[in-house]
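Student: File name work19.pdb; file contents PDB, C-alpha atoms and all ligand atoms; full text below.
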```
ATOM      1  CA  MET C 569       0.000   0.000   0.000  1.00  0.00           C
ATOM      2  CA  ASP C 570       1.209   3.425  -0.856  1.00  0.00           C
ATOM      3  CA  HIS C 571       0.512   5.814   1.950  1.00  0.00           C
ATOM      4  CA  ASP C 572       1.547   8.924   0.118  1.00  0.00           C
ATOM      5  CA  ASP C 573      -1.551  11.044   0.309  1.00  0.00           C
ATOM      6  CA  SER C 574       0.284  14.347  -0.058  1.00  0.00           C
ATOM      7  CA  HIS C 575      -1.639  15.521  -3.056  1.00  0.00           C
ATOM      8  CA  ASN C 576      -5.007  14.720  -1.590  1.00  0.00           C
ATOM      9  CA  HIS C 577      -4.015  16.664   1.460  1.00  0.00           C
ATOM     10  CA  ASN C 578      -4.395  19.999  -0.297  1.00  0.00           C
ATOM     11  CA  TYR C 579      -7.851  19.257  -1.532  1.00  0.00           C
ATOM     12  CA  GLU C 580      -9.140  18.567   1.934  1.00  0.00           C
ATOM     13  CA  HIS C 581      -8.129  21.986   3.128  1.00  0.00           C
ATOM     14  CA  GLU C 582      -9.045  23.949   0.055  1.00  0.00           C
ATOM     15  CA  GLY C 583     -12.292  22.200  -0.735  1.00  0.00           C
ATOM     16  CA  HIS C 584     -14.266  24.099   1.864  1.00  0.00           C
ATOM     17  CA  ASP C 585     -17.741  25.491   1.290  1.00  0.00           C
ATOM     18  CA  HIS C 586     -20.887  23.472   1.038  1.00  0.00           C
ATOM     19  CA  ASP C 587     -19.616  21.270  -1.758  1.00  0.00           C
ATOM     20  CA  HIS C 588     -18.651  17.655  -1.573  1.00  0.00           C
ATOM     21  CA  HIS C 589     -14.983  16.946  -1.380  1.00  0.00           C
ATOM     22  CA  ASP C 590     -14.971  14.028  -3.761  1.00  0.00           C
ATOM     23  CA  ALA C 591     -12.743  14.105  -6.792  1.00  0.00           C
ATOM     24  CA  SER C 592     -15.652  14.641  -9.162  1.00  0.00           C
ATOM     25  CA  SER C 593     -16.617  17.986  -7.645  1.00  0.00           C
ATOM     26  CA  PRO C 594     -15.836  20.818 -10.092  1.00  0.00           C
ATOM     27  CA  GLN C 595     -14.355  22.873  -7.267  1.00  0.00           C
ATOM     28  CA  VAL C 596     -11.874  20.156  -6.333  1.00  0.00           C
ATOM     29  CA  ARG C 597     -10.960  19.576  -9.946  1.00  0.00           C
ATOM     30  CA  VAL C 598     -10.433  23.269 -10.638  1.00  0.00           C
ATOM     31  CA  GLU C 599      -8.246  23.623  -7.591  1.00  0.00           C
ATOM     32  CA  ALA C 600      -6.214  20.578  -8.619  1.00  0.00           C
ATOM     33  CA  LEU C 601      -5.818  22.045 -12.085  1.00  0.00           C
ATOM     34  CA  GLU C 602      -4.717  25.397 -10.700  1.00  0.00           C
ATOM     35  CA  GLU C 603      -2.241  23.646  -8.403  1.00  0.00           C
ATOM     36  CA  LEU C 604      -0.795  21.685 -11.297  1.00  0.00           C
ATOM     37  CA  LEU C 605      -0.484  24.710 -13.575  1.00  0.00           C
ATOM     38  CA  VAL C 606       1.265  26.669 -10.851  1.00  0.00           C
ATOM     39  CA  GLN C 607       3.620  23.773 -10.035  1.00  0.00           C
ATOM     40  CA  LYS C 608       4.532  23.379 -13.676  1.00  0.00           C
ATOM     41  CA  GLY C 609       5.191  27.073 -13.950  1.00  0.00           C
ATOM     42  CA  LEU C 610       2.420  27.504 -16.513  1.00  0.00           C
ATOM     43  CA  ALA C 611       0.314  29.791 -14.382  1.00  0.00           C
ATOM     44  CA  ASP C 612       0.989  32.468 -11.850  1.00  0.00           C
ATOM     45  CA  ARG C 613      -1.255  32.316  -8.795  1.00  0.00           C
ATOM     46  CA  ALA C 614      -1.195  36.087  -8.370  1.00  0.00           C
ATOM     47  CA  ARG C 615      -2.515  36.526 -11.886  1.00  0.00           C
ATOM     48  CA  ILE C 616      -5.250  33.976 -11.322  1.00  0.00           C
ATOM     49  CA  ASP C 617      -6.260  35.797  -8.143  1.00  0.00           C
ATOM     50  CA  ALA C 618      -6.159  39.134  -9.952  1.00  0.00           C
ATOM     51  CA  THR C 619      -8.452  37.823 -12.690  1.00  0.00           C
ATOM     52  CA  ILE C 620     -10.921  36.467 -10.165  1.00  0.00           C
ATOM     53  CA  GLY C 621     -10.740  39.757  -8.289  1.00  0.00           C
ATOM     54  CA  ARG C 622     -11.475  41.643 -11.486  1.00  0.00           C
ATOM     55  CA  TYR C 623     -14.646  39.646 -11.999  1.00  0.00           C
ATOM     56  CA  GLU C 624     -15.618  40.074  -8.375  1.00  0.00           C
ATOM     57  CA  HIS C 625     -15.043  43.799  -8.105  1.00  0.00           C
ATOM     58  CA  ASP C 626     -14.669  45.529 -11.468  1.00  0.00           C
ATOM     59  CA  ILE C 627     -16.723  43.415 -13.813  1.00  0.00           C
ATOM     60  CA  GLY C 628     -19.840  42.966 -11.812  1.00  0.00           C
ATOM     61  CA  PRO C 629     -23.567  43.377 -12.161  1.00  0.00           C
ATOM     62  CA  MET C 630     -23.121  47.164 -12.176  1.00  0.00           C
ATOM     63  CA  ILE C 631     -22.230  46.925 -15.861  1.00  0.00           C
ATOM     64  CA  GLY C 632     -25.550  45.247 -16.622  1.00  0.00           C
ATOM     65  CA  ALA C 633     -27.349  47.604 -14.240  1.00  0.00           C
ATOM     66  CA  GLN C 634     -26.043  50.626 -16.125  1.00  0.00           C
ATOM     67  CA  LEU C 635     -27.293  49.106 -19.347  1.00  0.00           C
ATOM     68  CA  VAL C 636     -30.755  48.507 -17.862  1.00  0.00           C
ATOM     69  CA  ALA C 637     -30.956  52.030 -16.417  1.00  0.00           C
ATOM     70  CA  HIS C 638     -29.886  53.441 -19.760  1.00  0.00           C
ATOM     71  CA  ALA C 639     -32.652  51.465 -21.470  1.00  0.00           C
ATOM     72  CA  TRP C 640     -35.217  52.777 -18.962  1.00  0.00           C
ATOM     73  CA  THR C 641     -34.318  56.369 -19.765  1.00  0.00           C
ATOM     74  CA  ASP C 642     -33.801  56.044 -23.506  1.00  0.00           C
ATOM     75  CA  PRO C 643     -36.554  54.372 -25.547  1.00  0.00           C
ATOM     76  CA  VAL C 644     -34.403  54.270 -28.669  1.00  0.00           C
ATOM     77  CA  LEU C 645     -31.594  52.486 -26.869  1.00  0.00           C
ATOM     78  CA  ARG C 646     -34.125  50.152 -25.258  1.00  0.00           C
ATOM     79  CA  GLN C 647     -35.475  49.173 -28.651  1.00  0.00           C
ATOM     80  CA  ARG C 648     -32.009  48.575 -30.027  1.00  0.00           C
ATOM     81  CA  LEU C 649     -31.075  46.547 -26.972  1.00  0.00           C
ATOM     82  CA  LEU C 650     -34.056  44.277 -27.576  1.00  0.00           C
ATOM     83  CA  THR C 651     -33.355  43.829 -31.260  1.00  0.00           C
ATOM     84  CA  ASP C 652     -29.556  43.948 -31.446  1.00  0.00           C
ATOM     85  CA  ALA C 653     -27.917  43.862 -28.032  1.00  0.00           C
ATOM     86  CA  ASP C 654     -24.580  42.911 -29.537  1.00  0.00           C
ATOM     87  CA  ALA C 655     -24.349  46.221 -31.365  1.00  0.00           C
ATOM     88  CA  VAL C 656     -25.141  48.179 -28.207  1.00  0.00           C
ATOM     89  CA  VAL C 657     -22.667  46.194 -26.120  1.00  0.00           C
ATOM     90  CA  ALA C 658     -19.953  46.757 -28.721  1.00  0.00           C
ATOM     91  CA  GLU C 659     -20.776  50.439 -28.945  1.00  0.00           C
ATOM     92  CA  LEU C 660     -20.551  50.899 -25.186  1.00  0.00           C
ATOM     93  CA  ASP C 661     -17.232  49.094 -25.298  1.00  0.00           C
ATOM     94  CA  VAL C 662     -18.250  46.460 -22.762  1.00  0.00           C
ATOM     95  CA  ARG C 663     -15.465  43.914 -22.653  1.00  0.00           C
ATOM     96  CA  GLY C 664     -15.025  40.569 -21.021  1.00  0.00           C
ATOM     97  CA  ALA C 665     -15.921  36.952 -21.227  1.00  0.00           C
ATOM     98  CA  GLU C 666     -19.023  35.249 -22.456  1.00  0.00           C
ATOM     99  CA  ILE C 667     -20.816  38.039 -24.223  1.00  0.00           C
ATOM    100  CA  GLU C 668     -20.158  36.989 -27.796  1.00  0.00           C
ATOM    101  CA  HIS C 669     -23.890  36.974 -28.426  1.00  0.00           C
ATOM    102  CA  ILE C 670     -26.356  38.532 -26.013  1.00  0.00           C
ATOM    103  CA  GLU C 671     -30.117  38.657 -26.233  1.00  0.00           C
ATOM    104  CA  VAL C 672     -32.057  40.947 -23.936  1.00  0.00           C
ATOM    105  CA  LYS C 673     -35.569  39.944 -22.888  1.00  0.00           C
ATOM    106  CA  ALA C 674     -37.814  42.636 -21.458  1.00  0.00           C
ATOM    107  CA  ASN C 675     -40.263  42.024 -18.665  1.00  0.00           C
ATOM    108  CA  GLU C 676     -43.567  43.761 -19.181  1.00  0.00           C
ATOM    109  CA  PRO C 677     -46.970  43.632 -17.545  1.00  0.00           C
ATOM    110  CA  GLY C 678     -48.115  40.017 -17.851  1.00  0.00           C
ATOM    111  CA  VAL C 679     -44.738  38.675 -19.012  1.00  0.00           C
ATOM    112  CA  HIS C 680     -41.818  37.683 -16.822  1.00  0.00           C
ATOM    113  CA  ASN C 681     -38.517  36.354 -18.166  1.00  0.00           C
ATOM    114  CA  VAL C 682     -36.040  34.155 -16.336  1.00  0.00           C
ATOM    115  CA  VAL C 683     -32.683  32.802 -17.456  1.00  0.00           C
ATOM    116  CA  VAL C 684     -31.107  29.433 -16.840  1.00  0.00           C
ATOM    117  CA  CYS C 685     -28.452  27.272 -18.434  1.00  0.00           C
ATOM    118  CA  THR C 686     -29.768  23.735 -18.293  1.00  0.00           C
ATOM    119  CA  LEU C 687     -26.624  22.233 -19.760  1.00  0.00           C
ATOM    120  CA  CYS C 688     -23.968  23.889 -17.626  1.00  0.00           C
ATOM    121  CA  SER C 689     -23.711  27.468 -16.435  1.00  0.00           C
ATOM    122  CA  CYS C 690     -23.553  29.831 -19.423  1.00  0.00           C
ATOM    123  CA  TYR C 691     -23.895  33.355 -18.138  1.00  0.00           C
ATOM    124  CA  PRO C 692     -23.045  36.853 -19.409  1.00  0.00           C
ATOM    125  CA  TRP C 693     -19.984  37.349 -17.208  1.00  0.00           C
ATOM    126  CA  ALA C 694     -18.980  40.691 -18.660  1.00  0.00           C
ATOM    127  CA  LEU C 695     -22.397  42.136 -17.801  1.00  0.00           C
ATOM    128  CA  LEU C 696     -23.146  40.400 -14.506  1.00  0.00           C
ATOM    129  CA  GLY C 697     -19.814  39.345 -13.041  1.00  0.00           C
ATOM    130  CA  LEU C 698     -19.393  35.903 -11.547  1.00  0.00           C
ATOM    131  CA  PRO C 699     -22.438  33.657 -11.634  1.00  0.00           C
ATOM    132  CA  PRO C 700     -23.958  32.916  -8.232  1.00  0.00           C
ATOM    133  CA  ASN C 701     -23.569  29.365  -6.927  1.00  0.00           C
ATOM    134  CA  TRP C 702     -27.269  28.628  -7.126  1.00  0.00           C
ATOM    135  CA  TYR C 703     -27.259  29.434 -10.849  1.00  0.00           C
ATOM    136  CA  LYS C 704     -24.787  26.604 -11.375  1.00  0.00           C
ATOM    137  CA  SER C 705     -26.605  24.138  -9.144  1.00  0.00           C
ATOM    138  CA  PRO C 706     -28.162  21.060 -10.770  1.00  0.00           C
ATOM    139  CA  GLU C 707     -31.340  21.820  -8.855  1.00  0.00           C
ATOM    140  CA  TYR C 708     -31.846  25.297 -10.322  1.00  0.00           C
ATOM    141  CA  ARG C 709     -30.864  24.128 -13.788  1.00  0.00           C
ATOM    142  CA  ALA C 710     -33.444  21.365 -13.755  1.00  0.00           C
ATOM    143  CA  ARG C 711     -36.255  23.029 -11.865  1.00  0.00           C
ATOM    144  CA  ALA C 712     -36.130  26.485 -13.469  1.00  0.00           C
ATOM    145  CA  VAL C 713     -37.443  24.884 -16.647  1.00  0.00           C
ATOM    146  CA  ARG C 714     -39.809  22.346 -15.121  1.00  0.00           C
ATOM    147  CA  GLU C 715     -41.407  24.516 -12.480  1.00  0.00           C
ATOM    148  CA  PRO C 716     -40.164  28.097 -12.843  1.00  0.00           C
ATOM    149  CA  ARG C 717     -43.026  29.561 -10.857  1.00  0.00           C
ATOM    150  CA  ALA C 718     -42.260  27.396  -7.826  1.00  0.00           C
ATOM    151  CA  VAL C 719     -38.531  28.156  -8.048  1.00  0.00           C
ATOM    152  CA  LEU C 720     -39.189  31.892  -8.282  1.00  0.00           C
ATOM    153  CA  ALA C 721     -41.577  31.750  -5.323  1.00  0.00           C
ATOM    154  CA  GLU C 722     -38.946  29.951  -3.250  1.00  0.00           C
ATOM    155  CA  MET C 723     -36.480  32.693  -4.170  1.00  0.00           C
ATOM    156  CA  GLY C 724     -38.942  35.293  -2.953  1.00  0.00           C
ATOM    157  CA  LEU C 725     -40.602  36.293  -6.198  1.00  0.00           C
ATOM    158  CA  GLU C 726     -44.325  35.573  -6.219  1.00  0.00           C
ATOM    159  CA  LEU C 727     -45.767  36.217  -9.655  1.00  0.00           C
ATOM    160  CA  ASP C 728     -49.432  36.736 -10.454  1.00  0.00           C
ATOM    161  CA  THR C 729     -50.995  33.528 -11.684  1.00  0.00           C
ATOM    162  CA  ASP C 730     -51.906  35.211 -14.974  1.00  0.00           C
ATOM    163  CA  THR C 731     -48.345  36.369 -15.613  1.00  0.00           C
ATOM    164  CA  GLU C 732     -46.698  34.324 -18.328  1.00  0.00           C
ATOM    165  CA  VAL C 733     -43.240  33.024 -17.368  1.00  0.00           C
ATOM    166  CA  ARG C 734     -40.748  32.697 -20.204  1.00  0.00           C
ATOM    167  CA  VAL C 735     -37.671  30.619 -19.463  1.00  0.00           C
ATOM    168  CA  TRP C 736     -34.580  31.236 -21.596  1.00  0.00           C
ATOM    169  CA  ASP C 737     -32.025  28.470 -21.803  1.00  0.00           C
ATOM    170  CA  SER C 738     -28.533  29.878 -22.284  1.00  0.00           C
ATOM    171  CA  SER C 739     -25.906  28.189 -24.350  1.00  0.00           C
ATOM    172  CA  SER C 740     -22.393  28.832 -25.519  1.00  0.00           C
ATOM    173  CA  GLU C 741     -23.933  30.593 -28.525  1.00  0.00           C
ATOM    174  CA  THR C 742     -26.437  32.800 -26.741  1.00  0.00           C
ATOM    175  CA  ARG C 743     -26.479  34.429 -23.324  1.00  0.00           C
ATOM    176  CA  PHE C 744     -29.540  36.212 -22.054  1.00  0.00           C
ATOM    177  CA  LEU C 745     -30.061  39.285 -19.940  1.00  0.00           C
ATOM    178  CA  VAL C 746     -33.434  40.181 -18.475  1.00  0.00           C
ATOM    179  CA  LEU C 747     -34.508  43.802 -18.721  1.00  0.00           C
ATOM    180  CA  PRO C 748     -36.593  44.230 -15.580  1.00  0.00           C
ATOM    181  CA  GLU C 749     -39.485  46.686 -15.455  1.00  0.00           C
ATOM    182  CA  ARG C 750     -38.696  50.145 -14.231  1.00  0.00           C
ATOM    183  CA  PRO C 751     -40.102  50.492 -10.725  1.00  0.00           C
ATOM    184  CA  ALA C 752     -42.912  52.985 -10.101  1.00  0.00           C
ATOM    185  CA  GLY C 753     -42.034  56.178  -8.283  1.00  0.00           C
ATOM    186  CA  THR C 754     -38.804  56.786 -10.172  1.00  0.00           C
ATOM    187  CA  GLN C 755     -39.932  59.579 -12.489  1.00  0.00           C
ATOM    188  CA  GLY C 756     -37.177  62.070 -13.064  1.00  0.00           C
ATOM    189  CA  TRP C 757     -34.464  59.773 -11.742  1.00  0.00           C
ATOM    190  CA  SER C 758     -31.148  59.867 -13.539  1.00  0.00           C
ATOM    191  CA  ALA C 759     -29.722  56.733 -15.117  1.00  0.00           C
ATOM    192  CA  ALA C 760     -27.083  56.640 -12.377  1.00  0.00           C
ATOM    193  CA  GLN C 761     -29.777  56.725  -9.672  1.00  0.00           C
ATOM    194  CA  LEU C 762     -31.852  54.119 -11.470  1.00  0.00           C
ATOM    195  CA  ALA C 763     -28.894  51.773 -11.802  1.00  0.00           C
ATOM    196  CA  THR C 764     -28.791  51.450  -8.004  1.00  0.00           C
ATOM    197  CA  LEU C 765     -32.192  49.727  -8.165  1.00  0.00           C
ATOM    198  CA  VAL C 766     -31.026  47.037 -10.569  1.00  0.00           C
ATOM    199  CA  GLY C 767     -29.589  44.009  -8.835  1.00  0.00           C
ATOM    200  CA  ARG C 768     -27.942  40.996 -10.396  1.00  0.00           C
ATOM    201  CA  ASP C 769     -30.899  38.748  -9.630  1.00  0.00           C
ATOM    202  CA  SER C 770     -33.314  41.050 -11.445  1.00  0.00           C
ATOM    203  CA  MET C 771     -31.248  40.651 -14.599  1.00  0.00           C
ATOM    204  CA  ILE C 772     -31.303  36.857 -14.270  1.00  0.00           C
ATOM    205  CA  GLY C 773     -35.023  37.158 -13.700  1.00  0.00           C
ATOM    206  CA  VAL C 774     -35.298  35.664 -10.227  1.00  0.00           C
ATOM    207  CA  ALA C 775     -36.128  39.046  -8.685  1.00  0.00           C
ATOM    208  CA  LEU C 776     -37.579  42.391  -9.673  1.00  0.00           C
ATOM    209  CA  ALA C 777     -35.774  45.698  -9.703  1.00  0.00           C
ATOM    210  CA  THR C 778     -35.873  47.259  -6.239  1.00  0.00           C
ATOM    211  CA  SER C 779     -38.692  49.685  -5.594  1.00  0.00           C
ATOM    212  CA  PRO C 780     -37.522  53.026  -4.220  1.00  0.00           C
ATOM    213  CA  GLN C 781     -39.980  52.704  -1.319  1.00  0.00           C
ATOM    214  CA  ALA C 782     -38.547  49.328  -0.377  1.00  0.00           C
ATOM    215  CA  ASP C 783     -35.570  50.719   1.490  1.00  0.00           C
TER     216      ASP C 783
HETATM  217 FE    FE C 801     -23.873  26.635 -19.899  1.00  0.00          FE
END
```
So that I can check it, write out the structure of this file as structure tokens.
Ligand code: FE
Tutor:
Amino acid sequence: MDHDDSHNHNYEHEGHDHDHHDASSPQVRVEALEELLVQKGLADRARIDATIGRYEHDIGPMIGAQLVAHAWTDPVLRQRLLTDADAVVAELDVRGAEIEHIEVKANEPGVHNVVVCTLCSCYPWALLGLPPNWYKSPEYRARAVREPRAVLAEMGLELDTDTEVRVWDSSSETRFLVLPERPAGTQGWSAAQLATLVGRDSMIGVALATSPQAD
């Protein structure tokens, strides 16, 4: 028997969180891959951390929120965003991963849109930052399609029974962004003020934009 468990040792301490620690967990595998790349001198841990930090702090949902607020204040831009989001994104010089082709779906009275990736976890990183863990969970991916109304209710969004729910399944070809409805009571607000009401979850479609009265 070989008792050398030195390489498993790392996993046990780095594989924290709620996830399983078995070798099939994506987290464990990614950490093993990072470890290997660093050991082989193919990757620099500081650069990896810097990239993650960039997605956590600089490329976050505020980029998408600015786009939404812009659309709320500019009907022409809104229309273009709904028909050719790629052109708008290019024009605004939004850069980053996973926005090769974006489609924007607008909520309106009687219609609510929600985004999922049933196959994996496709997500418009450059507009929303890092995807939340629940978005990548097998449970959300399966149930968002099968019973979107129940999933939304569990996440705190109770929709009227006569509201149609449209579920958009992302892929490597197409990522979706939900354009939430502009909350009432925001007449005269600037785009910058409006952007503060637009959270990540409202652009995935599992929440609404925040009402100004709500806080
Ligand atoms: Fe995916």
Student: Let me know the residues the PyMOL selection byres (((not hetatm)) within 8 of (chain C and resi 801)) catches in the file above, as a PDB file with C-alpha atoms, in the frame of the given file.
Tutor:
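Saved file out24.pdb follows:
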```pdb
ATOM      1  CA  CYS C 685     -28.452  27.272 -18.434  1.00  0.00           C
ATOM      2  CA  THR C 686     -29.768  23.735 -18.293  1.00  0.00           C
ATOM      3  CA  LEU C 687     -26.624  22.233 -19.760  1.00  0.00           C
ATOM      4  CA  CYS C 688     -23.968  23.889 -17.626  1.00  0.00           C
ATOM      5  CA  SER C 689     -23.711  27.468 -16.435  1.00  0.00           C
ATOM      6  CA  CYS C 690     -23.553  29.831 -19.423  1.00  0.00           C
ATOM      7  CA  TYR C 691     -23.895  33.355 -18.138  1.00  0.00           C
ATOM      8  CA  SER C 738     -28.533  29.878 -22.284  1.00  0.00           C
ATOM      9  CA  SER C 739     -25.906  28.189 -24.350  1.00  0.00           C
ATOM     10  CA  SER C 740     -22.393  28.832 -25.519  1.00  0.00           C
TER      11      SER C 740
END
```
Student: To one decimal place, how far is atom CA of C:Val656 from atom CA of C:Asp769 in Å?
Tutor: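 Going from atom CA of C:Val656 over to atom CA of C:Asp769, I get 21.6 Å.
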Student: For C:Pro629, which residue among C:Leu696, C:Ala752, C:Leu725, C:Ala760 is the nearest when counting all atoms listed in the file?
Tutor: C:Leu696
Student: I would like the residues chosen by the PyMOL selection byres (((chain C and resi 710) around 12) and not hetatm) on the shown file; could you give them as an mmCIF file with C-alpha atoms, in the coordinates of the input?
Tutor:
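Everything below was put into result.cif:
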```
data_model
loop_
_atom_site.group_PDB
_atom_site.id
_atom_site.type_symbol
_atom_site.label_atom_id
_atom_site.label_comp_id
_atom_site.auth_asym_id
_atom_site.auth_seq_id
_atom_site.Cartn_x
_atom_site.Cartn_y
_atom_site.Cartn_z
ATOM 1 C CA VAL C 684 -31.107 29.433 -16.840
ATOM 2 C CA CYS C 685 -28.452 27.272 -18.434
ATOM 3 C CA THR C 686 -29.768 23.735 -18.293
ATOM 4 C CA LEU C 687 -26.624 22.233 -19.760
ATOM 5 C CA CYS C 688 -23.968 23.889 -17.626
ATOM 6 C CA SER C 689 -23.711 27.468 -16.435
ATOM 7 C CA TRP C 702 -27.269 28.628 -7.126
ATOM 8 C CA TYR C 703 -27.259 29.434 -10.849
ATOM 9 C CA LYS C 704 -24.787 26.604 -11.375
ATOM 10 C CA SER C 705 -26.605 24.138 -9.144
ATOM 11 C CA PRO C 706 -28.162 21.060 -10.770
ATOM 12 C CA GLU C 707 -31.340 21.820 -8.855
ATOM 13 C CA TYR C 708 -31.846 25.297 -10.322
ATOM 14 C CA ARG C 709 -30.864 24.128 -13.788
ATOM 15 C CA ARG C 711 -36.255 23.029 -11.865
ATOM 16 C CA ALA C 712 -36.130 26.485 -13.469
ATOM 17 C CA VAL C 713 -37.443 24.884 -16.647
ATOM 18 C CA ARG C 714 -39.809 22.346 -15.121
ATOM 19 C CA GLU C 715 -41.407 24.516 -12.480
ATOM 20 C CA PRO C 716 -40.164 28.097 -12.843
ATOM 21 C CA VAL C 719 -38.531 28.156 -8.048
ATOM 22 C CA VAL C 735 -37.671 30.619 -19.463
ATOM 23 C CA ASP C 737 -32.025 28.470 -21.803
#
```
Student: Tell me which residues come within 12 Å of (-21.5, 31.6, -30.0), as a list in words, counting all atoms listed in the file in the file's coordinates.
Tutor: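 The answer, in the requested form, is Asp654, Ala665, Glu666, Ile667, Glu668, His669, Ile670, Glu671, Cys690, Pro692, Ser738, Ser739, Ser740, Glu741, Thr742 and Arg743 of chain C.
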Student: Extract, using only C-alpha atoms, all DNA, RNA and protein residues at most 12 Å from stretch 614-621 of chain C, discarding same-chain residues fewer than 3 positions from it, and format them as an mmCIF file with C-alpha atoms, in the frame of the given file.
Tutor:
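Wrote part.cif, looks like this:
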```
data_model
loop_
_atom_site.group_PDB
_atom_site.id
_atom_site.type_symbol
_atom_site.label_atom_id
_atom_site.label_comp_id
_atom_site.auth_asym_id
_atom_site.auth_seq_id
_atom_site.Cartn_x
_atom_site.Cartn_y
_atom_site.Cartn_z
ATOM 1 C CA VAL C 598 -10.433 23.269 -10.638
ATOM 2 C CA GLU C 599 -8.246 23.623 -7.591
ATOM 3 C CA LEU C 601 -5.818 22.045 -12.085
ATOM 4 C CA GLU C 602 -4.717 25.397 -10.700
ATOM 5 C CA GLU C 603 -2.241 23.646 -8.403
ATOM 6 C CA LEU C 605 -0.484 24.710 -13.575
ATOM 7 C CA VAL C 606 1.265 26.669 -10.851
ATOM 8 C CA LEU C 610 2.420 27.504 -16.513
ATOM 9 C CA ALA C 611 0.314 29.791 -14.382
ATOM 10 C CA GLU C 624 -15.618 40.074 -8.375
ATOM 11 C CA HIS C 625 -15.043 43.799 -8.105
ATOM 12 C CA ASP C 626 -14.669 45.529 -11.468
ATOM 13 C CA ILE C 627 -16.723 43.415 -13.813
ATOM 14 C CA GLY C 628 -19.840 42.966 -11.812
ATOM 15 C CA GLY C 664 -15.025 40.569 -21.021
ATOM 16 C CA ALA C 665 -15.921 36.952 -21.227
ATOM 17 C CA TRP C 693 -19.984 37.349 -17.208
ATOM 18 C CA GLY C 697 -19.814 39.345 -13.041
ATOM 19 C CA LEU C 698 -19.393 35.903 -11.547
ATOM 20 C CA PRO C 699 -22.438 33.657 -11.634
#
```
Student: When you draw a straight line from atom CA of C:Phe744 to atom CA of C:Ala637, how long is it in Å?
Tutor: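 Result for atom CA of C:Phe744 versus atom CA of C:Ala637: 16.9 Å, one decimal.
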Student: Separation of atom CA of C:Glu732 and atom CA of C:Ala777, in Å?
Tutor: 18.0 Å
Student: Neighbouring residues of C:Leu660 were defined as those with any atom within 12 Å, considering only C-alpha atoms; residues of the same chain fewer than 5 positions away were excluded. Please report them as a CSV table (one decimal) with C-alpha atoms, in the frame of the given file.
Tutor:
```
chain,number,residue,atom,x,y,z
C,631,ILE,CA,-22.2,46.9,-15.9
C,632,GLY,CA,-25.6,45.2,-16.6
C,634,GLN,CA,-26.0,50.6,-16.1
C,635,LEU,CA,-27.3,49.1,-19.3
C,638,HIS,CA,-29.9,53.4,-19.8
C,645,LEU,CA,-31.6,52.5,-26.9
C,649,LEU,CA,-31.1,46.5,-27.0
C,653,ALA,CA,-27.9,43.9,-28.0
C,654,ASP,CA,-24.6,42.9,-29.5
C,655,ALA,CA,-24.3,46.2,-31.4
C,695,LEU,CA,-22.4,42.1,-17.8
```
Student: Hey, what comes out of the PyMOL selection byres (((chain C and resi 727) around 12) and not hetatm) on this file? Could you write it as a list in words?
Tutor: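 For this structure, the PyMOL selection byres (((chain C and resi 727) around 12) and not hetatm) captures Pro677, Gly678, Val679, His680, Asn681, Val682, Pro716, Arg717, Ala718, Val719, Leu720, Ala721, Glu722, Met723, Gly724, Leu725, Glu726, Asp728, Thr729, Asp730, Thr731, Glu732, Val733, Gly773, Val774, Ala775 and Leu776 of chain C.
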Student: Around all the atoms of stretch 633-652 of chain C listed in the file, with 4 Å of room on each side, what axis-aligned box do you get, giving centre and edge lengths in Å to one decimal, as lines of an AutoDock Vina configuration file?
Tutor:
```
center_x = -31.3
center_y = 50.1
center_z = -22.8
size_x = 18.5
size_y = 20.5
size_z = 25.2
```
